[in-house]
>>> print(open('start-v9.txt').read())   # compact mmCIF, C-alpha atoms and all ligand atoms
# COMPACT_ATOMS: atom_id res chain seq x y z
CA MET A 4 -18.19 -18.67 25.51
CA ASN A 5 -20.28 -15.50 25.20
CA PRO A 6 -22.70 -15.92 22.25
CA GLU A 7 -21.24 -12.97 20.30
CA VAL A 8 -17.71 -14.39 20.66
CA GLU A 9 -19.02 -17.84 19.70
CA GLN A 10 -20.61 -16.42 16.56
CA MET A 11 -17.41 -14.53 15.63
CA TYR A 12 -15.31 -17.63 16.27
CA GLU A 13 -17.58 -19.75 14.03
CA ALA A 14 -17.42 -17.13 11.26
CA LEU A 15 -13.63 -16.97 11.43
CA LYS A 16 -13.35 -20.77 11.58
CA ALA A 17 -15.51 -21.13 8.46
CA LYS A 18 -13.08 -18.95 6.51
CA LEU A 19 -9.72 -19.56 8.14
CA SER A 20 -9.63 -23.07 9.63
CA LYS A 21 -6.96 -24.17 7.12
CA ILE A 22 -4.89 -21.00 7.57
CA VAL A 23 -4.92 -19.96 11.24
CA PRO A 24 -4.55 -22.40 14.18
CA ASP A 25 -7.80 -22.95 16.08
CA VAL A 26 -6.44 -21.71 19.41
CA GLU A 27 -5.49 -18.41 17.77
CA LEU A 28 -8.93 -18.08 16.18
CA ARG A 29 -10.64 -18.42 19.57
CA TYR A 30 -8.42 -15.76 21.10
CA LYS A 31 -8.80 -13.40 18.15
CA ALA A 32 -12.59 -13.84 18.08
CA GLU A 33 -12.67 -12.39 21.61
CA ILE A 34 -10.61 -9.37 20.61
CA ALA A 35 -12.67 -8.86 17.45
CA VAL A 36 -15.86 -8.66 19.53
CA GLU A 37 -14.20 -6.10 21.84
CA ILE A 38 -13.08 -4.04 18.82
CA ASN A 39 -16.54 -4.08 17.26
CA ALA A 40 -18.13 -2.87 20.52
CA LEU A 41 -15.60 -0.01 20.78
CA LYS A 42 -16.20 0.80 17.12
CA ARG A 43 -19.92 1.25 17.77
CA GLN A 44 -19.31 3.29 20.94
CA ARG A 45 -16.97 5.68 19.17
CA ASN A 46 -18.89 5.88 15.88
CA ALA A 47 -15.75 4.70 14.08
CA VAL A 48 -15.02 3.13 10.73
CA ILE A 49 -12.15 0.66 10.31
CA LEU A 50 -10.32 0.55 7.00
CA GLY A 51 -8.16 -2.54 6.46
CA HIS A 52 -5.43 -2.80 3.84
CA ASN A 53 -5.16 -6.08 1.92
CA TYR A 54 -1.90 -6.84 3.80
CA MET A 55 -3.59 -7.22 7.20
CA GLU A 56 -3.20 -10.59 8.86
CA PRO A 57 -6.09 -12.97 8.07
CA ALA A 58 -7.97 -12.89 11.41
CA LEU A 59 -7.96 -9.08 11.51
CA PHE A 60 -8.71 -8.77 7.78
CA ASN A 61 -11.72 -11.08 8.06
CA SER A 62 -13.28 -9.68 11.23
CA VAL A 63 -13.17 -5.97 12.07
CA PRO A 64 -12.70 -3.79 8.95
CA ASP A 65 -15.80 -2.14 7.48
CA PHE A 66 -13.89 -1.89 4.22
CA THR A 67 -10.84 -3.71 2.91
CA GLY A 68 -8.89 -2.89 -0.22
CA ASP A 69 -5.81 -1.39 -1.86
CA SER A 70 -4.46 2.11 -1.29
CA LEU A 71 -6.67 3.79 -3.90
CA ASP A 72 -9.79 2.01 -2.79
CA LEU A 73 -9.24 2.87 0.88
CA SER A 74 -8.46 6.53 0.05
CA ARG A 75 -11.83 6.67 -1.69
CA LYS A 76 -13.55 5.04 1.27
CA ALA A 77 -11.84 7.52 3.62
CA ALA A 78 -13.12 10.38 1.46
CA GLN A 79 -16.70 9.10 1.69
CA THR A 80 -17.07 8.24 5.36
CA ASP A 81 -19.45 10.10 7.68
CA LYS A 82 -18.09 8.48 10.87
CA ASP A 83 -16.36 10.54 13.59
CA VAL A 84 -13.27 8.33 13.85
CA ILE A 85 -11.27 6.53 11.16
CA VAL A 86 -9.03 3.68 12.33
CA PHE A 87 -6.56 2.89 9.57
CA CYS A 88 -5.27 -0.68 9.71
CA GLY A 89 -2.40 0.02 7.35
CA VAL A 90 0.71 2.22 7.51
CA LYS A 91 1.32 5.88 8.31
CA PHE A 92 1.17 7.30 4.80
CA MET A 93 -2.28 5.69 4.36
CA ALA A 94 -3.59 7.16 7.63
CA GLU A 95 -2.14 10.55 6.66
CA THR A 96 -3.97 10.37 3.33
CA ALA A 97 -7.21 9.75 5.26
CA LYS A 98 -6.47 12.79 7.45
CA ILE A 99 -5.69 14.95 4.40
CA LEU A 100 -9.16 14.09 3.12
CA ASN A 101 -10.90 14.41 6.53
CA PRO A 102 -9.36 17.27 8.53
CA THR A 103 -12.18 17.42 11.10
CA LYS A 104 -12.24 13.71 11.90
CA THR A 105 -10.03 11.80 14.31
CA VAL A 106 -7.74 9.47 12.35
CA LEU A 107 -6.00 6.73 14.33
CA LEU A 108 -3.11 4.48 13.31
CA PRO A 109 -2.87 1.49 15.69
CA SER A 110 0.95 1.53 15.76
CA ASN A 111 3.23 4.56 15.67
CA LYS A 112 5.96 2.38 14.18
CA ALA A 113 4.13 1.46 10.97
CA GLY A 114 6.19 3.40 8.41
CA CYS A 115 7.24 2.48 4.86
CA SER A 116 10.69 2.36 3.22
CA LEU A 117 9.35 4.19 0.17
CA ALA A 118 7.86 7.05 2.20
CA GLU A 119 11.18 7.35 4.09
CA SER A 120 13.18 7.56 0.85
CA ILE A 121 12.31 11.14 -0.11
CA THR A 122 11.81 14.52 1.57
CA ALA A 123 9.95 17.68 0.60
CA ASP A 124 13.38 19.36 0.08
CA ASP A 125 14.29 16.65 -2.45
CA VAL A 126 11.15 17.45 -4.43
CA ARG A 127 11.83 21.21 -4.32
CA LEU A 128 15.36 20.61 -5.65
CA LEU A 129 14.03 18.48 -8.49
CA ARG A 130 11.57 21.23 -9.38
CA GLN A 131 14.42 23.74 -9.51
CA ARG A 132 16.43 21.46 -11.80
CA PHE A 133 13.46 20.67 -14.06
CA PRO A 134 11.31 23.82 -14.02
CA GLY A 135 7.76 23.41 -15.25
CA VAL A 136 7.89 19.59 -15.26
CA PRO A 137 4.86 18.14 -13.40
CA VAL A 138 5.53 16.00 -10.31
CA VAL A 139 3.66 12.73 -9.73
CA SER A 140 4.18 11.28 -6.24
CA TYR A 141 3.29 7.76 -5.34
CA VAL A 142 0.77 7.71 -2.48
CA ASN A 143 3.49 5.92 -0.46
CA THR A 144 4.94 9.32 0.59
CA TYR A 145 4.40 11.58 3.59
CA ALA A 146 2.09 14.59 3.52
CA ASP A 147 4.88 17.19 3.05
CA VAL A 148 6.06 15.40 -0.10
CA LYS A 149 2.49 15.19 -1.41
CA ALA A 150 2.19 18.94 -0.75
CA GLU A 151 5.07 19.58 -3.18
CA SER A 152 3.48 17.39 -5.87
CA ASP A 153 1.01 18.13 -8.65
CA ILE A 154 -0.79 14.82 -8.35
CA CYS A 155 -0.47 11.53 -6.47
CA CYS A 156 -0.98 8.03 -7.82
CA THR A 157 -1.22 4.50 -6.49
CA SER A 158 -0.04 1.29 -8.10
CA SER A 159 -3.52 0.85 -9.56
CA ASN A 160 -3.65 4.16 -11.47
CA ALA A 161 0.04 5.12 -11.97
CA VAL A 162 -0.03 4.70 -15.76
CA ALA A 163 -3.39 6.50 -16.09
CA VAL A 164 -2.13 9.39 -13.93
CA VAL A 165 1.06 9.82 -15.98
CA GLU A 166 -0.89 9.68 -19.23
CA SER A 167 -3.54 12.11 -17.92
CA LEU A 168 -0.92 14.84 -17.62
CA LYS A 169 -0.32 14.92 -21.39
CA ALA A 170 3.17 16.28 -20.65
CA ASP A 171 6.36 15.56 -22.64
CA THR A 172 8.26 14.94 -19.40
CA VAL A 173 7.05 13.86 -15.94
CA ILE A 174 8.85 13.59 -12.60
CA PHE A 175 7.73 10.32 -10.97
CA LEU A 176 8.65 9.78 -7.30
CA PRO A 177 9.94 7.98 -5.28
CA ASP A 178 9.69 4.29 -6.28
CA GLU A 179 12.42 3.36 -8.75
CA TYR A 180 10.80 0.08 -9.70
CA LEU A 181 7.26 1.39 -10.06
CA ALA A 182 8.70 4.20 -12.22
CA ARG A 183 10.59 1.68 -14.39
CA ASN A 184 7.43 -0.42 -14.73
CA VAL A 185 5.41 2.67 -15.73
CA ALA A 186 8.17 3.65 -18.19
CA ARG A 187 8.02 0.19 -19.75
CA GLU A 188 4.23 0.25 -20.04
CA THR A 189 4.07 3.74 -21.48
CA GLY A 190 7.15 3.36 -23.70
CA LYS A 191 8.86 6.32 -22.00
CA HIS A 192 12.62 6.64 -21.51
CA ILE A 193 13.54 7.13 -17.84
CA ILE A 194 16.52 8.76 -16.10
CA PHE A 195 17.58 8.93 -12.44
CA PRO A 196 19.29 12.22 -11.61
CA THR A 197 22.16 12.01 -9.11
CA PRO A 198 21.76 14.21 -6.00
CA LEU A 199 24.52 16.85 -5.69
CA PRO A 200 26.31 17.60 -2.40
CA VAL A 201 24.44 20.19 -0.30
CA GLY A 202 25.24 23.75 -1.38
CA GLU A 203 26.18 22.80 -4.94
CA GLY A 204 23.87 23.99 -7.67
CA PRO A 205 20.20 23.10 -8.02
CA GLY A 206 20.47 19.78 -6.19
CA VAL A 207 20.58 17.11 -8.89
CA ARG A 208 22.90 16.26 -11.74
CA VAL A 209 21.68 14.63 -14.95
CA GLU A 210 24.06 11.90 -16.05
CA SER A 211 23.10 11.73 -19.70
CA ASP A 212 21.84 14.07 -22.35
CA LEU A 213 19.65 11.34 -23.84
CA ASP A 214 16.10 12.21 -24.58
CA TYR A 215 13.95 11.34 -21.55
CA GLN A 216 10.30 11.56 -20.65
CA LEU A 217 10.25 10.21 -17.09
CA ILE A 218 12.48 11.40 -14.23
CA GLY A 219 12.67 8.90 -11.38
CA TRP A 220 14.04 8.59 -7.84
CA ARG A 221 15.82 5.66 -6.25
CA GLY A 222 13.37 4.70 -3.50
CA ARG A 223 12.57 1.02 -3.07
CA CYS A 224 10.02 -1.06 -1.23
CA GLU A 225 12.06 -3.17 1.19
CA VAL A 226 9.69 -6.10 0.62
CA HIS A 227 9.18 -6.17 -3.14
CA GLU A 228 12.80 -5.42 -4.04
CA LYS A 229 13.74 -8.81 -2.56
CA PHE A 230 11.84 -10.93 -5.08
CA THR A 231 14.00 -12.16 -7.96
CA VAL A 232 13.58 -13.78 -11.36
CA ARG A 233 15.37 -16.81 -9.87
CA ASP A 234 12.57 -17.15 -7.29
CA ILE A 235 10.06 -17.30 -10.14
CA GLU A 236 12.18 -19.79 -12.12
CA ALA A 237 12.58 -22.04 -9.07
CA VAL A 238 8.83 -22.10 -8.40
CA ARG A 239 8.02 -22.66 -12.09
CA ALA A 240 10.50 -25.58 -12.18
CA GLN A 241 8.65 -27.22 -9.28
CA PHE A 242 5.12 -26.26 -10.37
CA PRO A 243 5.03 -25.78 -14.17
CA ASP A 244 1.32 -24.83 -14.10
CA VAL A 245 1.76 -21.99 -11.58
CA VAL A 246 0.45 -18.52 -12.47
CA VAL A 247 2.78 -15.83 -11.13
CA LEU A 248 1.47 -12.46 -9.91
CA ALA A 249 3.81 -9.61 -8.96
CA HIS A 250 3.14 -6.19 -7.46
CA PRO A 251 4.53 -3.30 -9.60
CA GLU A 252 6.87 -2.35 -6.73
CA CYS A 253 8.86 -5.44 -7.84
CA SER A 254 11.74 -4.90 -10.30
CA PRO A 255 10.80 -4.69 -14.00
CA GLU A 256 12.69 -7.96 -14.56
CA VAL A 257 10.40 -9.66 -12.03
CA THR A 258 7.19 -8.12 -13.39
CA ALA A 259 8.26 -9.11 -16.92
CA ALA A 260 8.85 -12.70 -15.78
CA ALA A 261 5.44 -12.80 -14.03
CA ASP A 262 2.16 -13.61 -15.78
CA PHE A 263 0.39 -10.59 -14.30
CA SER A 264 1.35 -7.43 -12.46
CA GLY A 265 -1.08 -5.13 -10.66
CA SER A 266 -2.08 -3.47 -7.40
CA THR A 267 -3.08 -5.61 -4.45
CA ASN A 268 -6.77 -5.35 -5.46
CA ALA A 269 -5.94 -6.19 -9.07
CA MET A 270 -4.09 -9.35 -8.00
CA ILE A 271 -7.01 -10.41 -5.78
CA ARG A 272 -9.42 -9.89 -8.68
CA TYR A 273 -7.15 -11.77 -11.08
CA VAL A 274 -7.18 -14.91 -8.91
CA GLN A 275 -10.96 -14.67 -8.38
CA GLN A 276 -11.60 -14.39 -12.09
CA SER A 277 -9.24 -17.05 -13.44
CA ASN A 278 -9.32 -20.79 -13.03
CA ALA A 279 -5.71 -21.93 -12.80
CA PRO A 280 -5.18 -24.39 -9.94
CA ARG A 281 -2.15 -22.65 -8.42
CA TYR A 282 -0.76 -19.10 -7.99
CA LEU A 283 2.45 -17.55 -6.70
CA VAL A 284 1.80 -14.09 -5.22
CA LEU A 285 4.91 -11.92 -5.02
CA THR A 286 3.84 -9.43 -2.36
CA GLU A 287 3.38 -9.30 1.42
CA CYS A 288 2.69 -12.87 2.54
CA ALA A 289 -0.49 -12.10 4.53
CA MET A 290 -2.25 -11.19 1.30
CA GLY A 291 -1.58 -14.71 0.00
CA ASP A 292 -3.33 -16.00 3.13
CA ASN A 293 -6.29 -13.70 2.52
CA ILE A 294 -6.61 -14.78 -1.12
CA ALA A 295 -6.33 -18.44 -0.08
CA ALA A 296 -9.14 -17.94 2.45
CA ALA A 297 -11.41 -16.40 -0.19
CA ASN A 298 -10.55 -19.04 -2.83
CA PRO A 299 -10.42 -22.40 -1.04
CA ASP A 300 -10.42 -24.29 -4.37
CA LYS A 301 -7.13 -22.65 -5.45
CA GLU A 302 -3.65 -23.20 -4.10
CA MET A 303 -1.69 -20.09 -3.14
CA LEU A 304 2.10 -20.27 -3.03
CA ARG A 305 3.80 -17.42 -1.18
CA LEU A 306 7.37 -16.60 -0.24
CA CYS A 307 6.84 -15.77 3.42
CA MET A 308 10.46 -15.13 4.33
CA VAL A 309 9.83 -11.63 2.94
CA ARG A 310 7.46 -9.66 5.20
CA CYS A 311 6.55 -6.00 5.57
CA PRO A 312 7.69 -5.13 9.10
CA HIS A 313 5.49 -2.03 9.05
CA MET A 314 2.21 -3.68 8.10
CA ASN A 315 2.98 -6.39 10.63
CA MET A 316 2.95 -3.80 13.44
CA ILE A 317 -0.82 -3.59 13.05
CA THR A 318 -2.25 -6.28 15.26
CA MET A 319 -5.72 -6.87 16.67
CA GLU A 320 -4.49 -5.93 20.15
CA GLU A 321 -3.13 -2.60 18.86
CA THR A 322 -6.34 -1.97 16.92
CA ARG A 323 -8.43 -2.49 20.07
CA ASP A 324 -6.10 -0.23 22.07
CA ALA A 325 -6.24 2.45 19.36
CA LEU A 326 -9.99 2.76 19.95
CA LYS A 327 -9.74 2.32 23.71
CA TYR A 328 -6.97 4.86 24.34
CA ASN A 329 -7.53 7.08 21.29
CA ARG A 330 -4.08 6.45 19.84
CA TYR A 331 -2.05 7.13 17.70
CA ILE A 332 -3.67 10.34 16.48
CA ILE A 333 -2.55 11.42 12.99
CA GLU A 334 -2.10 15.16 12.52
CA VAL A 335 -1.14 17.06 9.38
CA PRO A 336 -0.38 20.81 9.64
CA GLU A 337 -3.15 22.70 7.84
CA GLU A 338 -0.80 24.55 5.48
CA ILE A 339 0.67 21.23 4.28
CA ARG A 340 -2.71 19.50 4.26
CA LEU A 341 -4.31 22.05 1.95
CA ARG A 342 -1.56 21.64 -0.65
CA ALA A 343 -1.44 17.85 -0.29
CA TYR A 344 -5.24 17.71 -0.60
CA ARG A 345 -5.13 18.96 -4.21
CA ALA A 346 -2.68 16.22 -5.22
CA VAL A 347 -4.66 13.47 -3.43
CA GLU A 348 -8.03 14.68 -4.69
CA ARG A 349 -6.74 14.67 -8.28
CA MET A 350 -5.48 11.11 -7.76
CA ILE A 351 -8.86 9.90 -6.50
CA GLN A 352 -10.56 11.12 -9.67
CA ILE A 353 -8.34 8.98 -11.94
CA GLY A 354 -8.31 5.29 -12.78
P1 LIG B 401 -1.56 -1.19 -3.14
O1 LIG B 401 -1.89 0.22 -3.48
O2 LIG B 401 -1.43 -2.05 -4.34
O3 LIG B 401 -2.50 -1.73 -2.13
O4 LIG B 401 -0.09 -1.21 -2.50
C1 LIG B 401 0.26 -0.58 -1.33
C2 LIG B 401 1.58 -1.02 -0.85
O5 LIG B 401 2.13 -0.48 0.08
C3 LIG B 401 2.19 -2.14 -1.52
O6 LIG B 401 3.38 -2.48 -0.89
FE1 LIG B 402 5.92 0.21 2.20
FE2 LIG B 402 6.74 -1.99 0.96
FE3 LIG B 402 5.56 -2.20 3.32
FE4 LIG B 402 4.13 -1.50 1.15
S1 LIG B 402 5.15 -3.45 1.53
S2 LIG B 402 4.04 -0.54 3.16
S3 LIG B 402 5.64 -0.28 0.04
S4 LIG B 402 7.53 -1.19 2.90
>>> encode(input="start-v9.txt", output="structure tokens")
Amino acid sequence: MNPEVEQMYEALKAKLSKIVPDVELRYKAEIAVEINALKRQRNAVILGHNYMEPALFNSVPDFTGDSLDLSRKAAQTDKDVIVFCGVKFMAETAKILNPTKTVLLPSNKAGCSLAESITADDVRLLRQRFPGVPVVSYVNTYADVKAESDICCTSSNAVAVVESLKADTVIFLPDEYLARNVARETGKHIIFPTPLPVGEGPGVRVESDLDYQLIGWRGRCEVHEKFTVRDIEAVRAQFPDVVVLAHPECSPEVTAAADFSGSTNAMIRYVQQSNAPRYLVLTECAMGDNIAAANPDKEMLRLCMVRCPHMNMITMEETRDALKYNRYIIEVPEEIRLRAYRAVERMIQIG
């Protein structure tokens, strides 16, 4: 084995021998060395979301983290090329912040059910129906939706962003469950306007005349919506000492039944800083692997039948090919980028 590959293999083995089969580690060590050479050649930085598979997560990224963290890292980089090992909305956010740099997403199929759930037209119609009400968009949206928004947020600063607006009413898009979780934490009453058929009125109908302070949208994360309170009860019945962590894209019933709810970084920190023997992490399964690798003295339970098909498109092979063939280049039209930039920049300052 070439000495650089040998060294990479030993480093991966030290962290992942209980998580990834040895034969896979050897193969991935070779690709990691290729990626790191290409990274140097192209003066690139690799940003890796916490959901990346363990061999990738532990070898090639210069920075790993949650959406907010990686947006900040993207804003600070002086490299020529940013390779985003995450999904399209994350790479777009990096491009919004770095218009002159090349931003690459290793797969052109890495979308997100939340980002797909809302369009810029939907936001414009909501603005017509609720004039003057500020719009907060979750970072899990595409650039044209961000461009129609006053400010973005991530799961780690959603409450702080809503509170920073000091407004009586806020439009919060597009994640229904994150909105309900924010409503619960801030004590705000939430409504979900019904879209009207095209050509009829200002686009949305309000079902109730109750007092409301948060206006939501019915987007869902296709991964987190699948976790149920029954899953938690079943695991607690088998392991009474388990500590349950749930991402705020889970339903409010699930986050209420969990012991802790927070962004991917917040969950990682929680496990690092507590000393329970066993944790159930209700989020993309690969993150459970990554926490297990970093905390070998703690047992991580994860429900791996629920996976994010988009995050799983980002493999080491695709990451190498992104650098080798300069693909897939993320572009954001300048007129949209400039408006989206304001919303993203405001988000980065909060939390
Ligand atoms: P974080 O911002 O917590 O990393 O979440 C991103 C995401 O897509 C969760 O599904
Ligand atoms: Fe989108 Fe859900 Fe996948 Fe996160 S886990 S990228 S919110 S589909």
>>> residues_near_ligand(input="start-v9.txt", ligand="ligand LIG 401 (chain B)", cutoff="7 Å", atoms="only C-alpha atoms and all ligand atoms", output="list in words")
His52, Asn53, Gly68, Asp69, Ser70, Leu71, Asn143, Thr157, Ser158, Ser159, Cys224, His250, Glu252, Ser266, Thr267 and Asn268 of chain A
>>> residues_near_ligand(input="start-v9.txt", ligand="ligand LIG 402 (chain B)", cutoff="9 Å", atoms="all atoms listed in the file", output="VMD selection string")
chain A and resid 54 89 to 93 113 to 118 143 178 223 to 228 252 286 to 287 310 to 315
>>> residues_around(input="start-v9.txt", residues="A:Pro57", least_positions_apart="6", cutoff="12 Å", atoms="all atoms listed in the file", output="short mmCIF file (atom, residue, chain, number, x, y, z; two decimals) with C-alpha atoms, in the coordinates of the input")
data_model
loop_
_atom_site.label_atom_id
_atom_site.label_comp_id
_atom_site.auth_asym_id
_atom_site.auth_seq_id
_atom_site.Cartn_x
_atom_site.Cartn_y
_atom_site.Cartn_z
CA LEU A 15 -13.63 -16.97 11.43
CA LYS A 16 -13.35 -20.77 11.58
CA LYS A 18 -13.08 -18.95 6.51
CA LEU A 19 -9.72 -19.56 8.14
CA SER A 20 -9.63 -23.07 9.63
CA LYS A 21 -6.96 -24.17 7.12
CA ILE A 22 -4.89 -21.00 7.57
CA VAL A 23 -4.92 -19.96 11.24
CA PRO A 24 -4.55 -22.40 14.18
CA GLU A 27 -5.49 -18.41 17.77
CA LEU A 28 -8.93 -18.08 16.18
CA LYS A 31 -8.80 -13.40 18.15
CA ALA A 32 -12.59 -13.84 18.08
CA GLY A 51 -8.16 -2.54 6.46
CA VAL A 63 -13.17 -5.97 12.07
CA PRO A 64 -12.70 -3.79 8.95
CA THR A 67 -10.84 -3.71 2.91
CA CYS A 288 2.69 -12.87 2.54
CA ALA A 289 -0.49 -12.10 4.53
CA MET A 290 -2.25 -11.19 1.30
CA GLY A 291 -1.58 -14.71 0.00
CA ASP A 292 -3.33 -16.00 3.13
CA ASN A 293 -6.29 -13.70 2.52
CA ILE A 294 -6.61 -14.78 -1.12
CA ALA A 295 -6.33 -18.44 -0.08
CA ALA A 296 -9.14 -17.94 2.45
CA ALA A 297 -11.41 -16.40 -0.19
CA ASN A 315 2.98 -6.39 10.63
CA ILE A 317 -0.82 -3.59 13.05
CA THR A 318 -2.25 -6.28 15.26
CA MET A 319 -5.72 -6.87 16.67
#
>>> closest_residue(input="start-v9.txt", among="A:Glu95, A:Glu166, A:Asp72, A:Asp124", to="A:Val139", atoms="only C-alpha atoms")
A:Glu166
>>> residues_around(input="start-v9.txt", residues="A:His192", least_positions_apart="4", cutoff="10 Å", atoms="all atoms listed in the file", output="MDAnalysis selection string")
chainID A and resid 172 183 186:187 213:218
>>> residues_around(input="start-v9.txt", residues="stretch 235-244 of chain A", least_positions_apart="5", cutoff="10 Å", atoms="only C-alpha atoms", output="ChimeraX atom specification")
/A:230,249,257,260-261,279-283,285,304-306
>>> closest_residue(input="start-v9.txt", among="A:Ala161, A:Val309, A:Ile271, A:Ala325", to="A:Thr231", atoms="only C-alpha atoms")
A:Val309
>>> closest_residue(input="start-v9.txt", among="A:Thr197, A:Thr122, A:Thr144, A:Asn278", to="A:Val245", atoms="all atoms listed in the file")
A:Asn278
>>> residues_near_point(input="start-v9.txt", point="(-11.5, -8.0, 22.8)", cutoff="10 Å", atoms="all atoms listed in the file", output="list of chain:residue names")
A:Val8, A:Tyr30, A:Lys31, A:Ala32, A:Glu33, A:Ile34, A:Ala35, A:Val36, A:Glu37, A:Ile38, A:Asn39, A:Ala40, A:Leu41, A:Met319, A:Glu320, A:Thr322, A:Arg323, A:Asp324
>>> write_last_selection(input="start-v9.txt", atoms="C-alpha atoms", output="short mmCIF file (atom, residue, chain, number, x, y, z; two decimals), in the frame of the given file")
data_model
loop_
_atom_site.label_atom_id
_atom_site.label_comp_id
_atom_site.auth_asym_id
_atom_site.auth_seq_id
_atom_site.Cartn_x
_atom_site.Cartn_y
_atom_site.Cartn_z
CA VAL A 8 -17.71 -14.39 20.66
CA TYR A 30 -8.42 -15.76 21.10
CA LYS A 31 -8.80 -13.40 18.15
CA ALA A 32 -12.59 -13.84 18.08
CA GLU A 33 -12.67 -12.39 21.61
CA ILE A 34 -10.61 -9.37 20.61
CA ALA A 35 -12.67 -8.86 17.45
CA VAL A 36 -15.86 -8.66 19.53
CA GLU A 37 -14.20 -6.10 21.84
CA ILE A 38 -13.08 -4.04 18.82
CA ASN A 39 -16.54 -4.08 17.26
CA ALA A 40 -18.13 -2.87 20.52
CA LEU A 41 -15.60 -0.01 20.78
CA MET A 319 -5.72 -6.87 16.67
CA GLU A 320 -4.49 -5.93 20.15
CA THR A 322 -6.34 -1.97 16.92
CA ARG A 323 -8.43 -2.49 20.07
CA ASP A 324 -6.10 -0.23 22.07
#
>>> atom_distance(input="start-v9.txt", atom1="atom CA of A:Gln352", atom2="atom CA of A:Val185")
19.1 Å
>>> closest_residue(input="start-v9.txt", among="A:Met11, A:Ala123, A:Ile194, A:Met350", to="A:Asp147", atoms="only C-alpha atoms")
A:Ala123
>>> atom_distance(input="start-v9.txt", atom1="atom CA of A:Asp65", atom2="atom CA of A:Ile49")
5.4 Å
>>> residues_around(input="start-v9.txt", residues="A:Ser110", least_positions_apart="6", cutoff="8 Å", atoms="only C-alpha atoms", output="list in words")
Met316, Ile317, Glu321 and Tyr331 of chain A
>>> write_last_selection(input="start-v9.txt", atoms="C-alpha atoms", output="PDB file, in the frame of the given file")
ATOM      1  CA  MET A 316       2.950  -3.800  13.440  1.00  0.00           C
ATOM      2  CA  ILE A 317      -0.820  -3.590  13.050  1.00  0.00           C
ATOM      3  CA  GLU A 321      -3.130  -2.600  18.860  1.00  0.00           C
ATOM      4  CA  TYR A 331      -2.050   7.130  17.700  1.00  0.00           C
TER       5      TYR A 331
END
>>> build_atoms(input="start-v9.txt", residues="stretch 27-37 of chain A", atoms="N, CA, C and O atoms", output="PDB file, keeping the file's coordinate frame")
ATOM      1  N   GLU A  27      -5.660 -19.838  18.077  1.00  0.00           N
ATOM      2  CA  GLU A  27      -5.490 -18.410  17.770  1.00  0.00           C
ATOM      3  C   GLU A  27      -6.835 -17.808  17.351  1.00  0.00           C
ATOM      4  O   GLU A  27      -7.162 -16.681  17.721  1.00  0.00           O
ATOM      5  N   LEU A  28      -7.622 -18.585  16.615  1.00  0.00           N
ATOM      6  CA  LEU A  28      -8.930 -18.080  16.180  1.00  0.00           C
ATOM      7  C   LEU A  28      -9.834 -17.767  17.367  1.00  0.00           C
ATOM      8  O   LEU A  28     -10.524 -16.762  17.395  1.00  0.00           O
ATOM      9  N   ARG A  29      -9.809 -18.635  18.375  1.00  0.00           N
ATOM     10  CA  ARG A  29     -10.640 -18.420  19.570  1.00  0.00           C
ATOM     11  C   ARG A  29     -10.242 -17.123  20.270  1.00  0.00           C
ATOM     12  O   ARG A  29     -11.075 -16.304  20.636  1.00  0.00           O
ATOM     13  N   TYR A  30      -8.937 -16.950  20.427  1.00  0.00           N
ATOM     14  CA  TYR A  30      -8.420 -15.760  21.100  1.00  0.00           C
ATOM     15  C   TYR A  30      -8.767 -14.504  20.301  1.00  0.00           C
ATOM     16  O   TYR A  30      -9.239 -13.500  20.837  1.00  0.00           O
ATOM     17  N   LYS A  31      -8.572 -14.595  18.970  1.00  0.00           N
ATOM     18  CA  LYS A  31      -8.800 -13.400  18.150  1.00  0.00           C
ATOM     19  C   LYS A  31     -10.289 -13.075  18.025  1.00  0.00           C
ATOM     20  O   LYS A  31     -10.664 -11.905  17.890  1.00  0.00           O
ATOM     21  N   ALA A  32     -11.141 -14.091  18.119  1.00  0.00           N
ATOM     22  CA  ALA A  32     -12.590 -13.840  18.080  1.00  0.00           C
ATOM     23  C   ALA A  32     -12.983 -12.951  19.264  1.00  0.00           C
ATOM     24  O   ALA A  32     -13.797 -12.039  19.129  1.00  0.00           O
ATOM     25  N   GLU A  33     -12.357 -13.212  20.429  1.00  0.00           N
ATOM     26  CA  GLU A  33     -12.670 -12.390  21.610  1.00  0.00           C
ATOM     27  C   GLU A  33     -12.264 -10.939  21.391  1.00  0.00           C
ATOM     28  O   GLU A  33     -13.013 -10.014  21.696  1.00  0.00           O
ATOM     29  N   ILE A  34     -11.069 -10.756  20.834  1.00  0.00           N
ATOM     30  CA  ILE A  34     -10.610  -9.370  20.610  1.00  0.00           C
ATOM     31  C   ILE A  34     -11.470  -8.699  19.553  1.00  0.00           C
ATOM     32  O   ILE A  34     -11.807  -7.518  19.663  1.00  0.00           O
ATOM     33  N   ALA A  35     -11.856  -9.449  18.522  1.00  0.00           N
ATOM     34  CA  ALA A  35     -12.670  -8.860  17.450  1.00  0.00           C
ATOM     35  C   ALA A  35     -13.995  -8.338  18.012  1.00  0.00           C
ATOM     36  O   ALA A  35     -14.456  -7.253  17.639  1.00  0.00           O
ATOM     37  N   VAL A  36     -14.583  -9.093  18.939  1.00  0.00           N
ATOM     38  CA  VAL A  36     -15.860  -8.660  19.530  1.00  0.00           C
ATOM     39  C   VAL A  36     -15.648  -7.378  20.353  1.00  0.00           C
ATOM     40  O   VAL A  36     -16.436  -6.441  20.284  1.00  0.00           O
ATOM     41  N   GLU A  37     -14.531  -7.329  21.079  1.00  0.00           N
ATOM     42  CA  GLU A  37     -14.200  -6.100  21.840  1.00  0.00           C
ATOM     43  C   GLU A  37     -14.040  -4.913  20.881  1.00  0.00           C
ATOM     44  O   GLU A  37     -14.545  -3.817  21.134  1.00  0.00           O
TER      45      GLU A  37
END
